[in-house]
Each structure stands twice: as structure tokens, then as C-alpha cells.
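Have a look at the structure below before the remarks.
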4 protein chains.
Amino acid sequence: MSLPQHIVVEMQELPNLRNPSLVCGFPGSGYVGKLAIDHMIEELKAIPFANMFSSSFPPQVLIQPDGTTDLMKNVIYYSRGQTNDLILLSGDSQPVTPDSEFEMAEEIVKICDKLGVKIIYTLAAYITGAFSKTPKVFGTSTMPQIVKDFQKYDVSTMNSGSITGMNGLIIGVGKRKGITGICLLGETSGYVVDAKASKAVLETLVKMLDLKLDLTGISKKAKDTEQLIKTIEDQMGQRGGESLPMAQHDRKLGYIS
Amino acid sequence: MSLPQHIVVEMQELPNLRNPSLVCGFPGSGYVGKLAIDHMIEELKAIPFANMFSSSFPPQVLIQPDGTTDLMKNVIYYSRGQTNDLILLSGDSQPVTPDSEFEMAEEIVKICDKLGVKIIYTLAAYITGAFSKTPKVFGTSTMPQIVKDFQKYDVSTMNSGSITGMNGLIIGVGKRKGITGICLLGETSGYVVDAKASKAVLETLVKMLDLKLDLTGISKKAKDTEQLIKTIEDQMGQRGGESLPMAQHDRKLGYIS
Amino acid sequence: MSLPQHIVVEMQELPNLRNPSLVCGFPGSGYVGKLAIDHMIEELKAIPFANMFSSSFPPQVLIQPDGTTDLMKNVIYYSRGQTNDLILLSGDSQPVTPDSEFEMAEEIVKICDKLGVKIIYTLAAYITGAFSKTPKVFGTSTMPQIVKDFQKYDVSTMNSGSITGMNGLIIGVGKRKGITGICLLGETSGYVVDAKASKAVLETLVKMLDLKLDLTGISKKAKDTEQLIKTIEDQMGQRGGESLPMAQHDRKLGYIS
Amino acid sequence: MSLPQHIVVEMQELPNLRNPSLVCGFPGSGYVGKLAIDHMIEELKAIPFANMFSSSFPPQVLIQPDGTTDLMKNVIYYSRGQTNDLILLSGDSQPVTPDSEFEMAEEIVKICDKLGVKIIYTLAAYITGAFSKTPKVFGTSTMPQIVKDFQKYDVSTMNSGSITGMNGLIIGVGKRKGITGICLLGETSGYVVDAKASKAVLETLVKMLDLKLDLTGISKKAKDTEQLIKTIEDQMGQRGGESLPMAQHDRKLGYIS
């Protein structure tokens, strides 16, 4: 699918990476993927090597903490491991039209191709509309064998529904180019920014990647999320017991983002 | 109308077909066309030979029953007949913008041209807002002679209104390229997935195509639809007789999809 | 402004016309322009010579009175006069996006250029939200001299506001290519299909074009409109005098279409 | 980012300017930037040298005070100063889609590049939802040093949020091409056309540009705004004291346009 060029990739140099996997985090429901990727980038002291700009990002500039401003962008980092390197992509936004979401996915897959990426992970949210004590991690993949292996990592599988936006498209487009895709989805209510779900996703991811990653930072944020949920539940309780229902895992759950 | 390329057709090989007709089924009101085409594909053990991907499908991947995931697509099948072969197109979705609906219609007509298709059938819904005991089948065509012949097949004609989406565009674009188009529309309330309407459309189609097709499967589903409608009507009746009106065939009916 | 090609013009032959003007009528508020142009085409027995198809028309096919169906289109006709010939454009629809409205306007202006058109007339509605006994005709032009001459024809001028859609864009784009544009707007409530407004516009147009045109047909339809308005006013009156206000011509009126 | 060409720039000649800065004013909340730029153009008797037309402006023509009509456009003027010249851009509208906002920003930056522009100022609104006696001016820049210098000019800085539309994109796109961008935002309620905010922005701008500019005209309009606000507040007061709150500058304010 060749589209008119709306994306500019500014790359200082193409890093020479050993057997790299890509992990993507975009803003979405509960900021599950975004919090997770930003934690990884910080902990791994990952090195930025490319910016992606797109005319289909929301038409605005973001004001930075230092008072300056810049266009919305994806920043791509790398982090060297013992035997395998990692590429980490953190997005300011998802594109605003379907066409440009596909285009962005294709551009990312093109970069993967140049860097020799064999597996792409996207980190997403699995929305239940209910607060969960111990959020589960759901997963899907473009490869049947990986779906079978999910149980080793305590990842729940799904048999219907869809994954919308960049988290779905990147692995869908990657499949067409021969790159394996895995999407891990942290269970979340959808009501709050949910670092608990991010932490659950990261715990699974480090096992799958056989990665050393200090989770102290995200664990602290997860505590904050827990506290926030407790406050909400208390308030709901005071209004005469109309507390939000806890997730029932045997129920069929629908919305994925 | 040449547009920027948003569609990718993955074709294993161009099958050599004898005097083929194309039958298209897309998701739409009541899933009338989609249920009908999927029944045909199953019963005829049709052989897939092409996938169509488009950046204007909804930006998501669909999770399959086996837990894996793939981009939305149209799959095109063929089925050999005694003297004439059939091409069957089943879509996961309709494109999300007008421009891309036209583009997809043109791409399908281009494939028809390569395969020597002379007639295209699209299967659609004729929405009445009322439940019908014996759903009628409506029809229109790009050829006046075919409209005249509709009465042989007990197909009702229309003299105004429009057919929106792929079911209309494919035959409209086909006409401009010299391919005859026929749209068959099954009468449906628009309230439920309606296998009864699908069955009615298939009964007409097999007569027009002089095709042998076992309708047992769709007949079972039609029974389920009937049961569902009965349940709805009973519930409406209990609420004090505000049952949904039955369709009145002499009334002018408007919405077509 | 060169855009990706979404428009196809099917032209049998380029007619050789003497000093032609173009008159355009599109569906819009009150169908003022559309009724007017279709009356002209019928009365002048104008000869169709071109179809314009666009992927930005609404994605549907229209069912014709004979039961057949075709894509939405603009049809362009010509009519020979004593010394000057006329080109008449009747549209099934306006395009659905701003970009494609501009594109369509450019394509029409390109055809004008080939045919030697010096003046383009567009026929539009001037919406007041009130019923008028004797609808006025408003006008604007891309040429100051023509605005000055409007009073000769009893055409009211405007000094603010905007003309949206094809009626505005065609004369705006034409201006950039050196073609004079005139938009005539028939005063209408905006509540009903208004043949009275169409008739008023046509009465002005025939004077400006020095054209012989039998107005019997449109006058009959104007009577129907009058009857319909009377019925509405009677019904409003019976509800306790909340009749819709008559237009006050000295008031500042805003919405134009 | 190269996009299909939807913009036409009509330029009589490329003026030879000494060290020019560009100041842009577009219609937006409170018309803050638009009133300011039009005041500058009038007072400086700036000379128009280019028109920008775009197929992504709203699809309409604007009726001028003299009764004629023209497409929506940006007009670009220049004004010679003692040592530095100014370029002034006044827009009839902002484009209607994200993609075309980026495209327009790129086209403007391209013109800046040709004319040797080093700094771009955009004039915008800082919406508080409350009336302010003495509106503040907020600022952001693509250069950290300029943000530090803001306090010299009594310009408040921001550390989060976004600037949407052309005012943000022009400086964001300019940054990528090595042009420094500054956005000045006049505090406004967002409820009325606010010449007070425009005046505040202009007072800051003339200091930063070291420009002589008679502010009598905009000061008169600012008085009108003050009167209008007083009227609104009086009416609110009469309804039992639900007067709109005055802005509290220590509060975190969000919406910027």
C-alpha cells in the first residue's frame, strides 16, 4: 500500500543492532502502553536515534516542561542487551485518520525491516469497565505457535474481538512483511490512567524478552493507581453502595484498545 | 478515476475461469449479504485465491477463533460449475470513506475485467423497519432488459431511492466498464441479523444463476432469526400491544443498504 | 491547485459553440437551483454531451424511474441560441468533502475554458427562515461592474456573508482563470422545495441572458409551492397564531446556500 | 512532508526584504490574532504581494463590502522598517483538516525560507473562561533562550498544554527548517471578540520587534470590548449574582487556541 508521503523520519544514523525486537507504546486507554514504554526507556537509559513526524498527528504543538514547544512526534530509542538489542518506540499521539494510521504502521514496519527486527511487541489496554485487584494480561499474535505458548507466561488468549489503532495495525501490517507480531494487553477499567495494568504488562514482557528491568518506578505509580481506585470506590460506596463492579474473568469481555 | 493506491491485492495465481459471474457479500444492515455469501462459500467449498487489503478499512486487526490476529480484508474465492464458474467475494468490512469505497469498487471491477466477468451480483438489504413473515426480494440492474426479466424470478422492482455503499458502487462502477450489474435486496426490518432475508436472496440467486446449492444451513439460521423475531414481538406485545408493525408492501419504502 | 484525479469526464464530443455562457444548478436548499436548471433543460430541449463522475459524490447509486440504476453524476447539456449558445449543468449531488468541491469546481472551469465560456451563472438559494409573497432575487459577481448593473434587473446586492458549496466555488475558481462569475440567489424560507424561488431566479436570468424561455412549467410548480406554504401557514395559524414570520426585507439576512 | 498540492500561491513579485520577521494572524478564538494583524496592516500601510488559496479552506466564497465575491485566502503583506522589514500574513480562515493545516504551515515556511525570514511570530488566544481586567500575555518559543527572555517583556511562560491550529503548526514546522518561532497568546474569556486581548498582544509585540505602531485604533476597539463585557456582567449580575468569574492568574489554565 503506497500512500502519498505525510510522514518524515529524522534519523541521525541507523544503529547497528544485534537481533533486535521492537516494543511500541502509544497513548491510548488508561495510558497502559505509554506508561510502560516510558518506564522502559527511562530504566534502560535507552538512546534516541529517530523522530517520526506526521501531518496526520493532531494539528498542534505540545508545550514542554521548560516552556518551549515542538510538533507531536514518535521518538525511537535503542537499548543494547547481553545478546539481543531492543528498539523502543514512544508516541506523543496516534494519527487522527484511518488512512494515516495504516501509513504510520507501514513506515514503522519499514524501519523494522532496515534494522533487522524479527518480532514486534505492542502494549495495549484490555478494557473491562471494572476495577481489578490483580489485572490479567491478555495476548494475541500473528503466529499460531506464539498463541499456544502464551500459557507459559500466564497470558490469557482471546478468540474474537478486535485491536484498534496502532497497536493492532503495526502487528497486522508487520505480518504482511514477514515480521512476527505480539500484542500484550493489560486489563484495565478504562476509567483511570492505570499504571497497575502497565506494570502487569511489563512483568509479562520482561519474561518473554528474558530482560532485566527494575520495576520499582512503575510499581510506585501502580500504588498511586491503587490509591486512586480506592478513593473512587469509597466515594461510590458512600453514595449507597453503587460501587463499580469488579471484573468477572469468566464473563465475555469486549472492548480492546 | 485514478486514485492514490491504498489497496493491495495479494493473489496466488489468476485462476482460469469459464464465463464467470461475481457474487459479492459485504457486512451491512442485517448482515443479509454477508450471511448469504458465507453460506455459498461454505456449501460450494469455494477456493480462496486472492486477499484485498485496504488502508481505508477500519484501522484494526480482527482476532480469529484460534487466538491469532490479522488485518481486515476481502477474500475472493472461485467455485467451478458445470459450464459456468463463480467468483465469490466476502468482505470483513466496507471502507470507511466515500473516496475509498469508490476506489475499492474500481479495484474489484479491475479484477473482474482480468477474469472475464460479464455479470456482477451484489447482495444487499432492503430495510422496512417492520418484521415480514415472508421477506420479498427487490432488485435493480444497470441493464433495462434485466429489470424487465425480474418478474420471472418474483423479484420486485423499484423506481426511486438509492443503494448506498459497496453494493451500489460495484455495479455502478462496473457499468462504466461494460460489465452488467445486478443488486438483489432481501427485505428486512433492520433490527436484527436476518438470515431469513439472506435465505430469500439466495433462493432468488440460485434461480437466476441456475445453480445447485444446499440451503439447509441458511434455513436453520433463518429459523433462529424467526425465533428471535417472535421473542421480540412477544416482549413488545406484553408492553401493551405496541408491537412493531408488519411491513405493508403497498407502502412506499425508503431505506436501502 | 492540482489534485489527485478523482473525477472522470465522459464526453462524446466537444460541441462547437458560439460565445457560450454556462448555467449551473445543483441540489441545495429548497432545490432552487436544481428545479430551475432542470426546467431550462426540458424547455430548451438541451442536448447532453458530457457526464461527470466523481469518487467524492455520495457513495451510492440512484435508482431511475425505469428501475435501472446508475452512479451519481453531473450531466452537461448545450442549447443553441440565435447568436449565443448556452451550456447547462445539472448535478445529482454536490461532492461530500471541501477538497472535492474545489476539485469539481476546477474541473468544470477547465471544461468552460475548452468551450470558450466567458460568463458562468450559478443558481442558488437565499435563505430567510420566513415565507415571502414575492421572493426577491439577490446577486453577487466576481466583477464590480456587474454588481453595479444588478439594479437594472431588480437584483438585490449583498455586502457580507458567504456562498457555500459549488454555487460559490465555481465562480470563485472561475475568477482565478479569468472567467466572469455571477451567482443569482432566489429568496426562500429554507423549509420547503421552493419552485417559487426557482421561478424568480429564472425570470431574472432570462432577462440577463436575453433568452426566450417558456415559464409555464415552473409557474405551475410555483403554484404548488404556494399552496403548500398556505397549508403550512394555516396549520400554524390553528395552533394559536404562531405563524411563521414573513420575511422583512430591511432586516439583515444571513444564511446563503 | 511532501503532500499532494492543494495550495496555490499567487505572487506578483518576491519583494527584496532586509532581515524580515513574519507575523501571522488567523481567525480563531476571540479573533485575537486576526484583529491584531489587521490593525498592523492598516497602520503600517503594508503592501500586499501574495495571495494563498487552498482547496482545504471552507468551500465557500466571501461577499466583499462592495458586493463582489472571492475565494477565501491568506493575503501576505510587507512593510519596510528602519533597519528590519516586516512580513504580515492575514488569513480569511484556517484550513478545515489536520493534513491541510500541516500543508499550509509548510507552504508558509517555504515562503519564509525564500524571503530570508529568521523569526516567525504567531498571535493567538489564551482562553480562561473568565473576563480579565488587564489581560496577560503568555508566550512560548521553539528556542529555550527566548523563553528565558520572556520575563523582560512581561510575558508569562507555560509548562504544559498545547497550541492547536495554524498558530502552533507554523512555528513547529518552522523549527524543523531552522526558523525560530514565537507564539504570543492574549488572555481572553473565549466568550467575545476580544480587542482587549489583541491590544495586549500588540503592546508586547511592538516591544519585542522594537516597532513604532500607533495603537489608537485597536485601543478604541478594546474600549468597545470592555463595554460589551460590562454589559454582559451587568446582565449576569441582575440574574442574581451569577456573574462570570474573573480569571485567577494563579490557577492552572488549560485551553489554548
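So you can find residues: chains in the C-alpha cells are A, B, ... in the order shown, residues in each start at 1, and ligands are numbered from 1 in order.
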Hey, could you lay chain A over chain C with a least-squares C-alpha fit (all atoms, paired in order) and save it as a short mmCIF file (atom, residue, chain, number, x, y, z; two decimals) with C-alpha atoms, in the first residue's frame?
data_model
loop_
_atom_site.label_atom_id
_atom_site.label_comp_id
_atom_site.auth_asym_id
_atom_site.auth_seq_id
_atom_site.Cartn_x
_atom_site.Cartn_y
_atom_site.Cartn_z
CA MET A 1 -4.37 23.69 -7.45
CA SER A 2 -3.63 20.29 -8.94
CA LEU A 3 -5.21 17.48 -7.00
CA PRO A 4 -5.19 13.70 -7.33
CA GLN A 5 -7.69 12.79 -10.05
CA HIS A 6 -11.03 11.69 -8.58
CA ILE A 7 -13.21 12.94 -11.41
CA VAL A 8 -13.95 11.29 -14.72
CA VAL A 9 -15.48 13.29 -17.55
CA GLU A 10 -17.15 11.18 -20.23
CA MET A 11 -17.63 13.39 -23.26
CA GLN A 12 -18.97 12.17 -26.58
CA GLU A 13 -17.59 15.17 -28.47
CA LEU A 14 -16.68 18.76 -27.70
CA PRO A 15 -19.55 20.77 -29.26
CA ASN A 16 -18.55 23.83 -31.27
CA LEU A 17 -20.42 26.62 -29.51
CA ARG A 18 -20.82 30.32 -30.28
CA ASN A 19 -19.96 32.63 -27.40
CA PRO A 20 -21.48 30.29 -24.80
CA SER A 21 -22.41 31.05 -21.18
CA LEU A 22 -22.65 28.30 -18.57
CA VAL A 23 -25.60 28.00 -16.18
CA CYS A 24 -25.22 25.59 -13.24
CA GLY A 25 -27.87 24.09 -10.99
CA PHE A 26 -27.03 21.82 -8.07
CA PRO A 27 -29.21 20.27 -5.38
CA GLY A 28 -29.21 22.56 -2.37
CA SER A 29 -31.56 24.40 -0.02
CA GLY A 30 -35.09 24.48 -1.43
CA TYR A 31 -33.81 22.80 -4.60
CA VAL A 32 -33.94 26.33 -6.05
CA GLY A 33 -31.07 25.93 -8.51
CA LYS A 34 -31.84 22.32 -9.40
CA LEU A 35 -35.51 22.96 -10.27
CA ALA A 36 -34.50 26.00 -12.35
CA ILE A 37 -31.81 24.21 -14.38
CA ASP A 38 -33.99 21.16 -14.99
CA HIS A 39 -36.78 23.42 -16.25
CA MET A 40 -34.34 25.10 -18.66
CA ILE A 41 -33.01 21.77 -19.93
CA GLU A 42 -36.53 20.51 -20.59
CA GLU A 43 -37.89 23.67 -22.21
CA LEU A 44 -34.83 24.30 -24.37
CA LYS A 45 -34.65 20.62 -25.36
CA ALA A 46 -30.97 20.89 -24.46
CA ILE A 47 -28.64 18.17 -25.77
CA PRO A 48 -26.48 16.23 -23.26
CA PHE A 49 -22.83 15.95 -24.31
CA ALA A 50 -20.88 15.11 -21.14
CA ASN A 51 -21.20 13.20 -17.87
CA MET A 52 -19.03 13.96 -14.85
CA PHE A 53 -18.50 11.20 -12.30
CA SER A 54 -16.67 11.74 -9.03
CA SER A 55 -15.46 9.50 -6.25
CA SER A 56 -16.48 12.26 -3.87
CA PHE A 57 -20.15 12.12 -4.70
CA PRO A 58 -22.11 10.30 -2.00
CA PRO A 59 -21.16 6.59 -2.26
CA GLN A 60 -24.41 5.31 -3.70
CA VAL A 61 -26.26 4.58 -6.91
CA LEU A 62 -29.61 6.17 -7.71
CA ILE A 63 -32.53 4.04 -8.82
CA GLN A 64 -34.15 5.50 -11.93
CA PRO A 65 -37.89 5.63 -12.66
CA ASP A 66 -37.46 2.63 -15.02
CA GLY A 67 -36.03 0.46 -12.24
CA THR A 68 -32.42 0.58 -13.43
CA THR A 69 -29.62 2.20 -11.48
CA ASP A 70 -26.60 4.39 -12.14
CA LEU A 71 -23.84 6.28 -10.32
CA MET A 72 -24.52 9.87 -9.28
CA LYS A 73 -23.30 12.34 -11.88
CA ASN A 74 -23.40 15.83 -13.34
CA VAL A 75 -24.82 15.97 -16.83
CA ILE A 76 -23.79 18.84 -19.11
CA TYR A 77 -26.05 19.94 -21.98
CA TYR A 78 -25.88 22.57 -24.68
CA SER A 79 -28.63 24.58 -26.33
CA ARG A 80 -28.16 26.67 -29.47
CA GLY A 81 -29.47 30.26 -29.42
CA GLN A 82 -29.88 32.94 -32.09
CA THR A 83 -26.39 34.37 -31.63
CA ASN A 84 -25.16 32.90 -28.35
CA ASP A 85 -25.28 29.29 -27.23
CA LEU A 86 -25.91 28.05 -23.70
CA ILE A 87 -24.28 25.30 -21.64
CA LEU A 88 -26.42 23.88 -18.86
CA LEU A 89 -25.08 21.76 -16.01
CA SER A 90 -27.42 19.75 -13.79
CA GLY A 91 -25.93 17.90 -10.82
CA ASP A 92 -27.29 14.84 -8.97
CA SER A 93 -25.38 15.96 -5.89
CA GLN A 94 -22.67 18.17 -4.51
CA PRO A 95 -19.39 16.45 -3.56
CA VAL A 96 -19.11 15.43 0.08
CA THR A 97 -15.77 16.99 1.08
CA PRO A 98 -14.37 20.54 0.77
CA ASP A 99 -11.35 19.33 -1.19
CA SER A 100 -13.51 17.58 -3.73
CA GLU A 101 -15.85 20.55 -4.08
CA PHE A 102 -12.83 22.63 -5.09
CA GLU A 103 -11.68 19.85 -7.41
CA MET A 104 -15.09 19.62 -9.09
CA ALA A 105 -15.19 23.42 -9.48
CA GLU A 106 -11.78 23.34 -11.15
CA GLU A 107 -12.83 20.57 -13.49
CA ILE A 108 -15.94 22.50 -14.52
CA VAL A 109 -13.90 25.65 -15.10
CA LYS A 110 -11.48 23.59 -17.21
CA ILE A 111 -14.38 22.46 -19.41
CA CYS A 112 -15.54 26.10 -19.64
CA ASP A 113 -12.08 27.05 -20.80
CA LYS A 114 -12.14 24.45 -23.58
CA LEU A 115 -15.58 25.58 -24.74
CA GLY A 116 -14.76 29.30 -24.72
CA VAL A 117 -17.13 30.22 -21.87
CA LYS A 118 -16.80 33.86 -20.78
CA ILE A 119 -19.54 34.01 -18.12
CA ILE A 120 -20.68 31.43 -15.56
CA TYR A 121 -24.04 31.72 -13.80
CA THR A 122 -24.79 29.69 -10.68
CA LEU A 123 -28.32 29.48 -9.33
CA ALA A 124 -28.68 29.34 -5.57
CA ALA A 125 -30.95 29.92 -2.60
CA TYR A 126 -31.06 32.89 -0.25
CA ILE A 127 -32.48 31.51 2.97
CA THR A 128 -34.52 33.81 5.21
CA GLY A 129 -36.37 31.39 7.50
CA ALA A 130 -39.62 33.06 6.50
CA PHE A 131 -42.14 32.67 3.68
CA SER A 132 -42.18 35.51 1.13
CA LYS A 133 -45.15 36.50 -1.07
CA THR A 134 -42.89 37.74 -3.85
CA PRO A 135 -39.42 36.29 -3.44
CA LYS A 136 -36.62 38.69 -4.24
CA VAL A 137 -33.55 37.76 -6.24
CA PHE A 138 -30.14 38.52 -4.76
CA GLY A 139 -26.91 38.57 -6.71
CA THR A 140 -23.17 38.75 -6.47
CA SER A 141 -20.44 38.66 -9.08
CA THR A 142 -16.69 38.46 -9.37
CA MET A 143 -16.82 41.70 -11.45
CA PRO A 144 -17.64 45.09 -9.83
CA GLN A 145 -19.32 46.40 -13.00
CA ILE A 146 -21.82 43.56 -12.98
CA VAL A 147 -22.70 44.24 -9.35
CA LYS A 148 -23.40 47.86 -10.34
CA ASP A 149 -25.64 46.69 -13.19
CA PHE A 150 -27.72 44.42 -10.94
CA GLN A 151 -30.24 47.16 -10.20
CA LYS A 152 -31.25 47.24 -13.90
CA TYR A 153 -32.51 43.70 -13.41
CA ASP A 154 -34.06 44.35 -10.00
CA VAL A 155 -31.41 42.15 -8.37
CA SER A 156 -30.55 43.01 -4.74
CA THR A 157 -26.89 43.17 -3.81
CA MET A 158 -25.24 41.94 -0.61
CA ASN A 159 -22.24 43.33 1.28
CA SER A 160 -21.30 40.50 3.60
CA GLY A 161 -21.82 36.78 4.16
CA SER A 162 -20.70 33.88 2.05
CA ILE A 163 -21.94 31.50 -0.64
CA THR A 164 -21.14 27.94 0.33
CA GLY A 165 -20.68 24.91 -1.86
CA MET A 166 -20.49 24.57 -5.64
CA ASN A 167 -22.49 27.75 -6.36
CA GLY A 168 -19.79 29.80 -4.67
CA LEU A 169 -16.71 27.80 -5.62
CA ILE A 170 -17.38 27.60 -9.35
CA ILE A 171 -17.47 31.38 -9.72
CA GLY A 172 -14.59 31.83 -7.25
CA VAL A 173 -12.36 29.37 -9.09
CA GLY A 174 -13.52 30.74 -12.45
CA LYS A 175 -12.38 34.22 -11.43
CA ARG A 176 -8.83 32.95 -10.92
CA LYS A 177 -8.88 31.67 -14.52
CA GLY A 178 -10.26 34.90 -15.97
CA ILE A 179 -13.90 33.81 -16.32
CA THR A 180 -16.59 36.14 -15.01
CA GLY A 181 -18.93 34.64 -12.43
CA ILE A 182 -22.46 35.60 -11.42
CA CYS A 183 -24.48 33.97 -8.67
CA LEU A 184 -28.24 34.60 -8.57
CA LEU A 185 -29.97 33.61 -5.35
CA GLY A 186 -33.71 33.17 -5.01
CA GLU A 187 -35.21 34.19 -1.69
CA THR A 188 -36.64 31.16 0.07
CA SER A 189 -37.70 30.11 3.54
CA GLY A 190 -35.46 27.05 3.53
CA TYR A 191 -38.39 24.94 4.79
CA VAL A 192 -39.77 23.56 1.50
CA VAL A 193 -38.75 22.67 -2.04
CA ASP A 194 -39.38 26.11 -3.47
CA ALA A 195 -40.32 26.43 -7.14
CA LYS A 196 -41.44 30.00 -6.48
CA ALA A 197 -37.85 30.96 -5.75
CA SER A 198 -36.71 29.01 -8.82
CA LYS A 199 -39.19 30.89 -10.98
CA ALA A 200 -38.01 34.25 -9.61
CA VAL A 201 -34.40 33.31 -10.40
CA LEU A 202 -35.34 32.19 -13.91
CA GLU A 203 -37.24 35.42 -14.61
CA THR A 204 -34.10 37.36 -13.77
CA LEU A 205 -31.82 35.02 -15.68
CA VAL A 206 -33.79 35.21 -18.95
CA LYS A 207 -33.57 39.01 -18.80
CA MET A 208 -29.81 38.91 -18.20
CA LEU A 209 -29.28 36.33 -20.95
CA ASP A 210 -31.87 37.96 -23.26
CA LEU A 211 -33.32 34.46 -23.60
CA LYS A 212 -36.73 33.22 -24.74
CA LEU A 213 -37.92 30.61 -22.25
CA ASP A 214 -41.45 29.35 -21.67
CA LEU A 215 -42.02 29.55 -17.89
CA THR A 216 -45.39 27.78 -17.83
CA GLY A 217 -43.99 24.57 -16.32
CA ILE A 218 -42.10 26.22 -13.47
CA SER A 219 -45.06 28.57 -12.87
CA LYS A 220 -47.30 25.58 -12.27
CA LYS A 221 -44.80 24.16 -9.80
CA ALA A 222 -44.57 27.60 -8.16
CA LYS A 223 -48.35 27.46 -7.65
CA ASP A 224 -47.90 24.09 -5.93
CA THR A 225 -45.28 25.62 -3.65
CA GLU A 226 -47.65 28.48 -2.85
CA GLN A 227 -50.40 26.00 -2.01
CA LEU A 228 -48.02 24.01 0.22
CA ILE A 229 -46.93 27.14 2.07
CA LYS A 230 -50.57 28.16 2.54
CA THR A 231 -51.31 24.75 4.07
CA ILE A 232 -48.35 25.06 6.45
CA GLU A 233 -49.35 28.59 7.45
CA ASP A 234 -52.95 27.51 8.03
CA GLN A 235 -51.77 24.68 10.29
CA MET A 236 -49.47 27.02 12.17
CA GLY A 237 -52.31 29.53 12.51
CA GLN A 238 -54.61 26.91 14.02
CA ARG A 239 -51.99 26.20 16.65
CA GLY A 240 -52.75 29.58 18.16
CA GLY A 241 -51.23 32.08 15.83
CA GLU A 242 -47.63 30.94 15.91
CA SER A 243 -47.44 31.42 12.19
CA LEU A 244 -43.99 31.57 10.70
CA PRO A 245 -42.94 35.18 10.24
CA MET A 246 -42.93 36.72 6.77
CA ALA A 247 -39.55 37.89 5.58
CA GLN A 248 -38.71 41.49 6.39
CA HIS A 249 -36.56 42.79 3.63
CA ASP A 250 -34.99 45.55 5.61
CA ARG A 251 -33.68 43.07 8.14
CA LYS A 252 -30.15 41.77 7.81
CA LEU A 253 -30.42 38.25 6.47
CA GLY A 254 -27.66 35.80 6.87
CA TYR A 255 -27.63 32.28 5.58
CA ILE A 256 -26.90 31.66 1.90
CA SER A 257 -26.57 28.31 0.19
#
Quiz item: Among segment 53-240 of chain C, which residues carry a DSSP assignment of alpha helix (DSSP H), reported as a ChimeraX atom specification?
Solution: /C:98-115,144-149,166-176,195-209,216-238
Practice problem: Mind listing the strand (DSSP E) residues of segment 100-156 of chain B, per DSSP on the backbone, as a PyMOL selection string? | Solution: chain B and resi 119-127+137-141+156
